[in-house]
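To keep things clear, I will list the structure first and then write my remarks on it.
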Amino acid sequence: MLQIKNLTKVYEGGVQALTDVSFEVPEGQFLAVIGLSGSGKSTLLRCINRLVDPTSGQILWNGEDITAATPDEMRRIRRRIGMVFQHFNLVHRSKVITNVLAGRLGYTNPAWSLMNRFPKEDVDKAIQQLERVGIADKAENRADELSGGQQQRVGIARALMQDPQMILADEPVASLDPVLAHSIMKHLEEINKTDKVTVLCSLHFLDLVHRYADRVIALNEGRVVFEGSPKEIDDKKFKDIYGRDAERVG
Amino acid sequence: MQKNNKPSILKSLRLGAIVLLVMVVLAYGFEITQVDLTELRSETRINSLVRVTRALARPELIEYDQQEEIINAPIHVPCPVGGGQVKGEVPNTQQPYLVLTPSCGNPGDTIQVEGYNFSPNTEGPLRFIPGNDPGNTVSLGRDIVETDQTGHFIANLVLPDRLSDDNQYIRATLRRNVGSPHLTQTAKDTWDKIVETVFLALLATIAGTIFAVPLSFLAARNLMKPVRNSVTNIALTVIGWPVGMAIGYLAVQFVSNVTAPIAANLAVIIASVVVTPFIVVYGVRWALPERDIRTPPLWLRLVRGVVMILVVLASIFGLLQLAALVANIGNALSGVLGPFAFLGNFLFQISEILRVLTPALGALAAGGALGSFFGGIGQRSSERLPVTTVKILNLLLMSVAGALVLGLLGALVEWLYQIDRPLYTLWIPMAVGGGLGLFLAITTKARDTLPTGMVIYTITRTLLNGLRSIEALVMAIVFVIAVGIGPFAGVLALGLHTIVSLGKLYSEQVESIMPGPLEAIEATGANRLQTIIYGVVPQIVPPYISYTMYRWDINVRMSTIIGFVGGGGIGFLLQQNINLLNYRAASAQMLAIAVVVASMDYISSMLRERYV
């Protein structure tokens, strides 16, 4: 159970990214976060693993207060939260397998991992994860030799290496074509269903939301303007979320 | 739109004023830099310039062995009073001989000199030898004559103003090249020195790179900005470092003293060099497990800490023993290797480096360990303890830390200037430091964090910028004083300059990396160091290689002139030859520099293209 209570974030320079955001996510749910660009979706997801420090409010995860965690505790919390990014955020010049193994850094002893040494079981695990997303044959390639869809799969494999209980996906398909988008979303769905991993996924396309999400949170200018099942988004709700001038396409 | 409607007369006045100002500035510049083009036209200048240019155009690289034919013919200046022919041997017409017509004359007269039977196509000076001694080395005149195919030449000679009743002589010295061309001594010396130059640059670049890489991380804003520590943490870290360094240094001394008696025995040395790595590796394996899934209990962590300390002591011992072993091998090798004795010497020098570095490494390692250990305690206590307790701790520790830092600075000042008044160099700084620490602790909230990263960043940047502004040539002067004239001083000077300039260039590369991968690695729960190794390092390898090559290039060019101040390399030879007006030799060295710099340029650009 993830509980967000009155979360507010004001960036240096006074930009109000989130205002008094509160909601709960039960264990194992697939939650979609929608909203216009700049509505605070990325900030919200980054507050949950404290890549961004919230200004006020509280985030509780299974009773543990993430907002009050010390740096050491934060590392231990982070390693159970996988993250998938819009631009994949792979290290281009490293091998695919190294990128995947990086997901294990929170578990390895820093002194050993500095010398690029990972335990044998971690290396085996990395190959398994690559097999799971279907690109085990690319393990020795450099990350930037892969296509966009393949890179995002590496990103997912990296998140899986963490044995996550929750995955934060920040517009994971926004840089991909519709076919690839579905294949990536299917991977996330499969992880959500088989491993019972909670998924928080920010999305732009409503058809993806309808197809994959259990529940939807909609943000507009940093405030929650809708919370409920994807089916409840009718034309009126749509205009609330995306503004009066928006039109539904597709 | 309002056009610029200033009266045009003002505009032209302004333009006139600007032109006038430019003229005045230029005129002053001419005055200051003593521009003097009439000097350029003066006869003597042009002559010297022509001479030097011609010498420069003929670098002294290749020469032939020469065979000389020296023939003297007697002459009288003035003609003997009685008239008639000069007394002298009748020339042997089978051998080379000279015929003078006439064979006497007054100063200023022109006589004709003919030579016969010389080797064909040879050349050399025709000279007047004063005094009655055919072997006299004093000579006048330097007319160059040249023989034709039959070995005959004919030339005119003006008799000098040297009057004598005795025989004087006309001497023809005809030289001819024999054998195949071979390198001059200058060429060999130049080769030796240019090799020295290239290696000087190489060592300076390597040493510079090794130190510049870690510095560049400290001087990168994007890495340092997020580093913040609680006040308690900072105070304890500041205390931990010097204390740890002192302990580390003493530990090295202790280990080397204790082991000195057994270290003399070669068998013991070999045994310990073989055994220590195993102890260290297994110790580290046990004390630092590869994975930490959950936090181990306190007692286990304590035991592991003790084991790590023992491992560190063992590795210090191992390093010292390795130094001794390497020194022994080096000494033994340099005796038997003959031309490859430099390998033995290299090993010996490596052992010296190990010996010098071990105390420093020990001190740094212990300082770092104790600093971060104390810092960890500080961090934890500021998180767990009640606010009031933390505040009291901060007040106490900060004043101690402040006193310690300024006390150490005072000790440094004392050492530098030998003031010898502890009141001013120790007690007052300590009091001021304590006060400052106290002030800092009072003005911050108990659990506040301070931007330590930015402080380190600012200090490193300032240091880099400051040192970078000192030319390597100036550094070389300092190092020549420190380690004596020679290439080693050059290596140190260029190395230091390389550290600071590469540090700056590297750090700018770190600042321009893509932040995405960093964020992703951080999100996996990796700590700061892991984030750098996995997120930053792969991104900066290509530019680092590129800059290192570029720097090697610069260092080769710098090392060619660093010899001007005694820093070794070819510059020393070049300067010497210029001062001796030996322009042909200097030309050889300039040529060598040009060739080396150009080929370095080519090689580095080729490597860059291929690997970056």
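For the structure tokens, the naming scheme is as follows: chains receive sequential letters (A, B, ...) according to their order of presentation, residues are indexed from 1 within each chain, and ligands are indexed from 1 in presentation order.
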Could you pull out the residues in stretch 135-225 of chain A that DSSP calls alpha helix (DSSP H) from the backbone, as a PyMOL selection string?
chain A and resi 148-160+178-194+206-212
Since we have the selection now, will you write its residues out, keeping C-alpha atoms, as a PDB file, in the first residue's frame?
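What ended up in again_18.pdb:
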ATOM      1  CA  GLY A 148      14.354   2.437 -29.218  1.00  0.00           C
ATOM      2  CA  GLY A 149      12.038  -0.435 -28.380  1.00  0.00           C
ATOM      3  CA  GLN A 150      14.979  -2.669 -27.496  1.00  0.00           C
ATOM      4  CA  GLN A 151      16.494   0.039 -25.329  1.00  0.00           C
ATOM      5  CA  GLN A 152      13.286   0.373 -23.359  1.00  0.00           C
ATOM      6  CA  ARG A 153      13.296  -3.398 -22.822  1.00  0.00           C
ATOM      7  CA  VAL A 154      16.785  -3.091 -21.381  1.00  0.00           C
ATOM      8  CA  GLY A 155      15.385  -0.369 -19.151  1.00  0.00           C
ATOM      9  CA  ILE A 156      12.679  -2.758 -17.953  1.00  0.00           C
ATOM     10  CA  ALA A 157      15.202  -5.548 -17.410  1.00  0.00           C
ATOM     11  CA  ARG A 158      17.280  -3.126 -15.325  1.00  0.00           C
ATOM     12  CA  ALA A 159      14.232  -2.363 -13.189  1.00  0.00           C
ATOM     13  CA  LEU A 160      13.474  -6.088 -12.840  1.00  0.00           C
ATOM     14  CA  PRO A 178       2.262   2.549 -31.397  1.00  0.00           C
ATOM     15  CA  VAL A 179       3.247  -1.068 -32.090  1.00  0.00           C
ATOM     16  CA  LEU A 180       6.318  -0.881 -29.848  1.00  0.00           C
ATOM     17  CA  ALA A 181       4.289   1.024 -27.289  1.00  0.00           C
ATOM     18  CA  HIS A 182       1.913  -1.905 -26.952  1.00  0.00           C
ATOM     19  CA  SER A 183       4.720  -4.431 -26.689  1.00  0.00           C
ATOM     20  CA  ILE A 184       6.398  -2.422 -23.906  1.00  0.00           C
ATOM     21  CA  MET A 185       3.092  -1.951 -22.103  1.00  0.00           C
ATOM     22  CA  LYS A 186       2.462  -5.694 -22.365  1.00  0.00           C
ATOM     23  CA  HIS A 187       5.756  -6.344 -20.600  1.00  0.00           C
ATOM     24  CA  LEU A 188       4.740  -3.993 -17.793  1.00  0.00           C
ATOM     25  CA  GLU A 189       1.328  -5.649 -17.618  1.00  0.00           C
ATOM     26  CA  GLU A 190       2.888  -9.081 -17.459  1.00  0.00           C
ATOM     27  CA  ILE A 191       5.203  -7.999 -14.638  1.00  0.00           C
ATOM     28  CA  ASN A 192       2.231  -6.466 -12.842  1.00  0.00           C
ATOM     29  CA  LYS A 193       0.111  -9.612 -13.180  1.00  0.00           C
ATOM     30  CA  THR A 194       2.681 -12.380 -12.665  1.00  0.00           C
ATOM     31  CA  LEU A 206      -6.088   7.274 -23.445  1.00  0.00           C
ATOM     32  CA  ASP A 207      -6.426   4.084 -25.458  1.00  0.00           C
ATOM     33  CA  LEU A 208      -3.364   2.727 -23.619  1.00  0.00           C
ATOM     34  CA  VAL A 209      -4.926   3.820 -20.344  1.00  0.00           C
ATOM     35  CA  HIS A 210      -8.161   2.006 -21.171  1.00  0.00           C
ATOM     36  CA  ARG A 211      -6.340  -1.083 -22.285  1.00  0.00           C
ATOM     37  CA  TYR A 212      -3.858  -1.519 -19.413  1.00  0.00           C
TER      38      TYR A 212
END
Could I get the residues of chain A with an atom no further than 8 Å from an atom of chain B, each paired with its nearest atom pair and that distance in Å to one decimal, using only C-alpha atoms, sorted by chain and residue number, as CSV?
residue,atom,partner,partner_atom,distance
A:Asn49,CA,B:Ala523,CA,7.0
A:Leu51,CA,B:Ala523,CA,6.9
A:Thr70,CA,B:Glu383,CA,7.3
A:Met74,CA,B:Gly525,CA,7.5
A:Arg75,CA,B:Gly525,CA,4.3
A:Arg76,CA,B:Gly525,CA,6.3
A:Ile77,CA,B:Gly525,CA,7.4
A:Arg78,CA,B:Gly525,CA,4.8
A:Arg79,CA,B:Gly525,CA,4.6
A:Arg80,CA,B:Thr524,CA,7.9
A:Ile81,CA,B:Thr524,CA,7.3
A:Gly82,CA,B:Thr524,CA,6.6
A:Met83,CA,B:Ala523,CA,6.7
A:Phe85,CA,B:Ala520,CA,7.9
A:His87,CA,B:Gly516,CA,7.8
A:Asn89,CA,B:Pro517,CA,4.4
A:Leu90,CA,B:Pro517,CA,5.4
A:Val91,CA,B:Pro517,CA,5.6
A:His92,CA,B:Gln539,CA,7.6
A:Arg93,CA,B:Pro538,CA,6.0
A:Ser94,CA,B:Pro538,CA,6.4
A:Ala102,CA,B:Ile521,CA,6.6
A:Gly103,CA,B:Thr524,CA,5.5
A:Arg104,CA,B:Thr524,CA,7.2
A:Leu105,CA,B:Ala526,CA,5.1
A:Gly106,CA,B:Gly525,CA,4.4
A:Tyr107,CA,B:Asp292,CA,5.6
A:Thr108,CA,B:Arg291,CA,4.2
A:Asn109,CA,B:Glu290,CA,5.0
A:Pro110,CA,B:Gln530,CA,6.6
A:Ala111,CA,B:Leu288,CA,7.6
A:Trp112,CA,B:Glu290,CA,6.3
A:Ser113,CA,B:Gln530,CA,7.2
A:Leu114,CA,B:Gln530,CA,6.3
A:Phe118,CA,B:Glu290,CA,7.6
A:Pro119,CA,B:Glu290,CA,6.6
A:Ala159,CA,B:Thr524,CA,7.5
A:Gln162,CA,B:Thr524,CA,7.0
Skip stretch 31-48 of chain A itself and residues of its chain fewer than 6 positions away, then list as a list in words all residues within 6 Å of it, counting only C-alpha atoms.
Ala17, Leu18, Pro54, Leu200, Cys201, Ser202, Leu203, Ala213, Asp214, Arg215, Val216, Ile217, Ala218, Leu219, Asn220, Glu221 and Gly222 of chain A
How would the residues just chosen look if you wrote them out with all heavy atoms as a CSV table (one decimal), in the first residue's frame?
chain,number,residue,atom,x,y,z
A,17,ALA,N,5.0,22.7,-8.7
A,17,ALA,CA,4.8,21.5,-9.6
A,17,ALA,C,3.6,20.6,-9.0
A,17,ALA,O,2.9,20.1,-9.8
A,17,ALA,CB,6.1,20.7,-9.6
A,18,LEU,N,3.5,20.5,-7.7
A,18,LEU,CA,2.5,19.7,-7.1
A,18,LEU,C,1.8,20.5,-6.0
A,18,LEU,O,2.5,21.1,-5.3
A,18,LEU,CB,3.0,18.4,-6.6
A,18,LEU,CG,3.6,17.4,-7.5
A,18,LEU,CD1,4.3,16.2,-6.7
A,18,LEU,CD2,2.6,16.8,-8.5
A,54,PRO,N,10.3,16.2,-2.0
A,54,PRO,CA,9.1,17.0,-1.9
A,54,PRO,C,9.2,18.2,-0.9
A,54,PRO,O,10.0,18.1,0.1
A,54,PRO,CB,8.0,16.0,-1.4
A,54,PRO,CG,8.8,14.9,-0.8
A,54,PRO,CD,10.1,14.9,-1.5
A,200,LEU,N,3.1,2.2,-11.3
A,200,LEU,CA,2.6,3.6,-11.5
A,200,LEU,C,3.2,4.0,-12.8
A,200,LEU,O,4.4,4.1,-12.9
A,200,LEU,CB,3.1,4.5,-10.3
A,200,LEU,CG,2.2,4.6,-9.1
A,200,LEU,CD1,2.3,3.3,-8.3
A,200,LEU,CD2,2.6,5.8,-8.3
A,201,CYS,N,2.3,4.3,-13.7
A,201,CYS,CA,2.7,4.6,-15.1
A,201,CYS,C,2.1,5.8,-15.6
A,201,CYS,O,0.9,5.9,-15.7
A,201,CYS,CB,2.4,3.4,-16.0
A,201,CYS,SG,2.9,3.5,-17.6
A,202,SER,N,2.9,6.8,-16.0
A,202,SER,CA,2.3,8.0,-16.5
A,202,SER,C,2.2,7.8,-18.0
A,202,SER,O,3.1,7.3,-18.7
A,202,SER,CB,3.2,9.3,-16.2
A,202,SER,OG,4.4,9.2,-16.8
A,203,LEU,N,1.1,8.2,-18.6
A,203,LEU,CA,0.8,7.9,-20.0
A,203,LEU,C,0.1,9.1,-20.7
A,203,LEU,O,-0.4,10.0,-20.0
A,203,LEU,CB,-0.2,6.8,-20.1
A,203,LEU,CG,0.4,5.4,-19.8
A,203,LEU,CD1,-0.8,4.4,-19.8
A,203,LEU,CD2,1.4,5.0,-20.9
A,213,ALA,N,-4.7,0.0,-17.7
A,213,ALA,CA,-4.7,0.5,-16.3
A,213,ALA,C,-5.9,0.0,-15.5
A,213,ALA,O,-7.0,-0.2,-16.1
A,213,ALA,CB,-4.7,2.0,-16.3
A,214,ASP,N,-5.7,-0.3,-14.2
A,214,ASP,CA,-6.8,-0.7,-13.3
A,214,ASP,C,-7.5,0.6,-12.9
A,214,ASP,O,-8.7,0.6,-12.7
A,214,ASP,CB,-6.2,-1.4,-12.1
A,214,ASP,CG,-5.5,-2.7,-12.4
A,214,ASP,OD1,-5.9,-3.3,-13.5
A,214,ASP,OD2,-4.6,-3.1,-11.7
A,215,ARG,N,-6.6,1.6,-12.7
A,215,ARG,CA,-7.2,2.9,-12.1
A,215,ARG,C,-6.4,4.1,-12.7
A,215,ARG,O,-5.3,3.9,-13.2
A,215,ARG,CB,-7.0,2.8,-10.6
A,215,ARG,CG,-8.1,3.5,-9.8
A,215,ARG,CD,-8.0,3.2,-8.3
A,215,ARG,NE,-7.6,4.5,-7.7
A,215,ARG,CZ,-6.6,4.6,-6.9
A,215,ARG,NH1,-5.8,3.7,-6.6
A,215,ARG,NH2,-6.4,5.8,-6.3
A,216,VAL,N,-7.0,5.2,-12.6
A,216,VAL,CA,-6.4,6.4,-13.2
A,216,VAL,C,-6.4,7.6,-12.2
A,216,VAL,O,-7.3,7.8,-11.5
A,216,VAL,CB,-7.2,6.9,-14.5
A,216,VAL,CG1,-6.5,8.1,-15.1
A,216,VAL,CG2,-7.3,5.8,-15.5
A,217,ILE,N,-5.2,8.3,-12.2
A,217,ILE,CA,-5.1,9.5,-11.5
A,217,ILE,C,-4.9,10.6,-12.6
A,217,ILE,O,-4.0,10.4,-13.4
A,217,ILE,CB,-3.9,9.5,-10.5
A,217,ILE,CG1,-4.1,8.6,-9.4
A,217,ILE,CG2,-3.7,10.9,-10.0
A,217,ILE,CD1,-4.9,9.1,-8.2
A,218,ALA,N,-5.6,11.7,-12.6
A,218,ALA,CA,-5.4,12.7,-13.5
A,218,ALA,C,-4.9,14.0,-12.8
A,218,ALA,O,-5.5,14.4,-11.8
A,218,ALA,CB,-6.6,13.0,-14.4
A,219,LEU,N,-3.8,14.6,-13.4
A,219,LEU,CA,-3.3,15.8,-12.8
A,219,LEU,C,-3.5,16.9,-13.7
A,219,LEU,O,-3.4,16.8,-15.0
A,219,LEU,CB,-1.8,15.6,-12.5
A,219,LEU,CG,-1.3,14.7,-11.5
A,219,LEU,CD1,0.2,14.6,-11.4
A,219,LEU,CD2,-1.9,15.0,-10.1
A,220,ASN,N,-3.8,18.1,-13.2
A,220,ASN,CA,-3.8,19.3,-14.0
A,220,ASN,C,-3.2,20.4,-13.1
A,220,ASN,O,-3.7,20.7,-12.1
A,220,ASN,CB,-5.3,19.7,-14.4
A,220,ASN,CG,-5.3,20.7,-15.4
A,220,ASN,OD1,-4.3,21.5,-15.6
A,220,ASN,ND2,-6.4,20.8,-16.1
A,221,GLU,N,-2.1,21.0,-13.7
A,221,GLU,CA,-1.4,22.0,-12.9
A,221,GLU,C,-1.1,21.6,-11.5
A,221,GLU,O,-1.3,22.4,-10.6
A,221,GLU,CB,-2.2,23.4,-13.0
A,221,GLU,CG,-2.2,23.9,-14.4
A,221,GLU,CD,-2.8,25.3,-14.5
A,221,GLU,OE1,-3.4,25.7,-13.5
A,221,GLU,OE2,-2.8,25.9,-15.6
A,222,GLY,N,-0.7,20.4,-11.3
A,222,GLY,CA,-0.2,19.9,-10.0
A,222,GLY,C,-1.3,19.5,-9.1
A,222,GLY,O,-1.0,19.2,-7.9
Quick one: residues within 7 Å of stretch 128-135 of chain B, only C-alpha atoms, excluding same-chain residues fewer than 6 positions away - as a PDB file with C-alpha atoms, in the first residue's frame?
ATOM      1  CA  ASN B  72     103.269  24.618 -48.985  1.00  0.00           C
ATOM      2  CA  GLY B 141      93.314  34.817 -45.873  1.00  0.00           C
ATOM      3  CA  ARG B 162     103.600  40.812 -43.369  1.00  0.00           C
ATOM      4  CA  ASP B 166     112.871  34.808 -44.221  1.00  0.00           C
ATOM      5  CA  ASN B 167     110.858  32.395 -46.243  1.00  0.00           C
ATOM      6  CA  GLN B 168     107.136  32.634 -45.795  1.00  0.00           C
ATOM      7  CA  TYR B 169     104.680  30.236 -47.340  1.00  0.00           C
ATOM      8  CA  ILE B 170     101.566  29.897 -49.431  1.00  0.00           C
ATOM      9  CA  ARG B 171      99.588  26.856 -48.366  1.00  0.00           C
TER      10      ARG B 171
END
Check stretch 29-149 of chain A with DSSP on the backbone and list each residue it calls strand (DSSP E), as a list in words.
Phe30, Leu31, Ala32, Val33, Ile34, Ser56, Gly57, Gln58, Ile59, Leu60, Trp61, Glu64, Asp65, Ile81, Gly82, Met83 and Val84 of chain A
Write the residues you've just listed into a file as a CSV table (one decimal), in the first residue's frame, and include N, CA, C and O atoms for each of them.
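Listed below is the output, again12.csv:
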chain,number,residue,atom,x,y,z
A,30,PHE,N,-2.3,-1.6,-11.1
A,30,PHE,CA,-1.7,-0.9,-12.2
A,30,PHE,C,-2.4,0.5,-12.3
A,30,PHE,O,-3.5,0.6,-12.8
A,31,LEU,N,-1.6,1.5,-11.9
A,31,LEU,CA,-2.2,2.9,-11.8
A,31,LEU,C,-1.6,3.7,-12.9
A,31,LEU,O,-0.4,3.8,-13.1
A,32,ALA,N,-2.5,4.3,-13.7
A,32,ALA,CA,-2.0,5.2,-14.8
A,32,ALA,C,-2.2,6.6,-14.2
A,32,ALA,O,-3.1,7.0,-13.6
A,33,VAL,N,-1.1,7.5,-14.5
A,33,VAL,CA,-1.2,8.9,-14.2
A,33,VAL,C,-1.2,9.6,-15.5
A,33,VAL,O,-0.3,9.5,-16.3
A,34,ILE,N,-2.3,10.4,-15.7
A,34,ILE,CA,-2.4,11.2,-16.9
A,34,ILE,C,-2.5,12.6,-16.7
A,34,ILE,O,-2.6,13.1,-15.5
A,56,SER,N,6.6,19.5,1.0
A,56,SER,CA,5.9,19.1,2.2
A,56,SER,C,5.0,18.0,1.8
A,56,SER,O,4.8,17.6,0.7
A,57,GLY,N,4.4,17.4,2.9
A,57,GLY,CA,3.5,16.2,2.6
A,57,GLY,C,4.3,15.0,3.0
A,57,GLY,O,5.4,15.0,3.4
A,58,GLN,N,3.6,13.9,2.9
A,58,GLN,CA,4.1,12.6,3.4
A,58,GLN,C,3.9,11.5,2.4
A,58,GLN,O,2.9,11.5,1.7
A,59,ILE,N,4.9,10.6,2.2
A,59,ILE,CA,4.7,9.4,1.4
A,59,ILE,C,4.9,8.2,2.3
A,59,ILE,O,6.0,8.1,2.8
A,60,LEU,N,3.9,7.4,2.4
A,60,LEU,CA,4.1,6.2,3.2
A,60,LEU,C,4.0,5.0,2.3
A,60,LEU,O,3.1,4.9,1.5
A,61,TRP,N,4.9,4.1,2.5
A,61,TRP,CA,4.9,2.8,1.7
A,61,TRP,C,5.0,1.6,2.6
A,61,TRP,O,6.0,1.5,3.3
A,64,GLU,N,6.1,2.6,6.0
A,64,GLU,CA,7.5,3.2,6.1
A,64,GLU,C,7.4,4.6,5.5
A,64,GLU,O,6.9,4.8,4.4
A,65,ASP,N,7.9,5.6,6.3
A,65,ASP,CA,7.8,7.0,5.8
A,65,ASP,C,9.0,7.3,4.9
A,65,ASP,O,10.1,7.5,5.3
A,81,ILE,N,12.2,-0.2,-5.6
A,81,ILE,CA,11.4,0.5,-6.5
A,81,ILE,C,12.1,0.6,-7.8
A,81,ILE,O,13.1,1.3,-8.0
A,82,GLY,N,11.6,-0.1,-8.8
A,82,GLY,CA,12.2,0.0,-10.2
A,82,GLY,C,11.7,1.3,-10.9
A,82,GLY,O,10.6,1.8,-10.6
A,83,MET,N,12.5,1.8,-11.8
A,83,MET,CA,12.1,3.0,-12.5
A,83,MET,C,12.4,2.8,-14.0
A,83,MET,O,13.4,2.4,-14.4
A,84,VAL,N,11.4,3.2,-14.8
A,84,VAL,CA,11.5,3.1,-16.3
A,84,VAL,C,11.3,4.5,-16.8
A,84,VAL,O,10.4,5.2,-16.4
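Taking atom CA of B:Pro120 and atom CA of B:Ile154 as the two end points, the separation is 13.2 Å.
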Who sits within 10 Å of stretch 561-563 of chain B, only C-alpha atoms, same chain under 2 positions skipped, as JSON, numbers by chain:
{"B": [197, 472, 473, 474, 475, 476, 477, 485, 486, 487, 489, 490, 491, 493, 494, 555, 556, 557, 558, 559, 565, 566, 567, 568, 569, 570, 571, 572, 573, 574, 575, 576, 593]}
Atom CA of B:Met590 to atom CA of B:His182, straight-line distance in Å
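One can read the atom CA of B:His182 to atom CA of B:Met590 distance as 19.8 Å.
Of the listed residues A:Val197, A:Leu101, A:Ala68, A:Val15, the one whose atoms come nearest to A:Gly28 is A:Val197, with distances taken using only C-alpha atoms.
Excluding B:Val280 itself and any same-chain residue fewer than 2 positions from it, the protein and nucleic acid residues within 9 Å of it, counting only C-alpha atoms, are Val275, Thr276, Pro277, Phe278, Tyr282, Gly283, Val284, Arg285, Met308, Leu310, Val311, Val312, Ala314 and Ser315 of chain B.
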Residues at most 10 Å from B:Val52, counting only C-alpha atoms, excluding those fewer than 2 positions away in the same chain, as a ChimeraX atom specification?
/B:46-50,54-58,581-584,587
Pick out the closest residue to A:Thr198 from this set: A:Val173, A:Leu168, A:Val21, A:Ile127. Count only C-alpha atoms.
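Using only C-alpha atoms, A:Thr198 sits closest to A:Leu168.
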In Å and to one decimal, atom CA of B:Leu364 is distant from atom CA of B:Leu409 by 18.1 Å
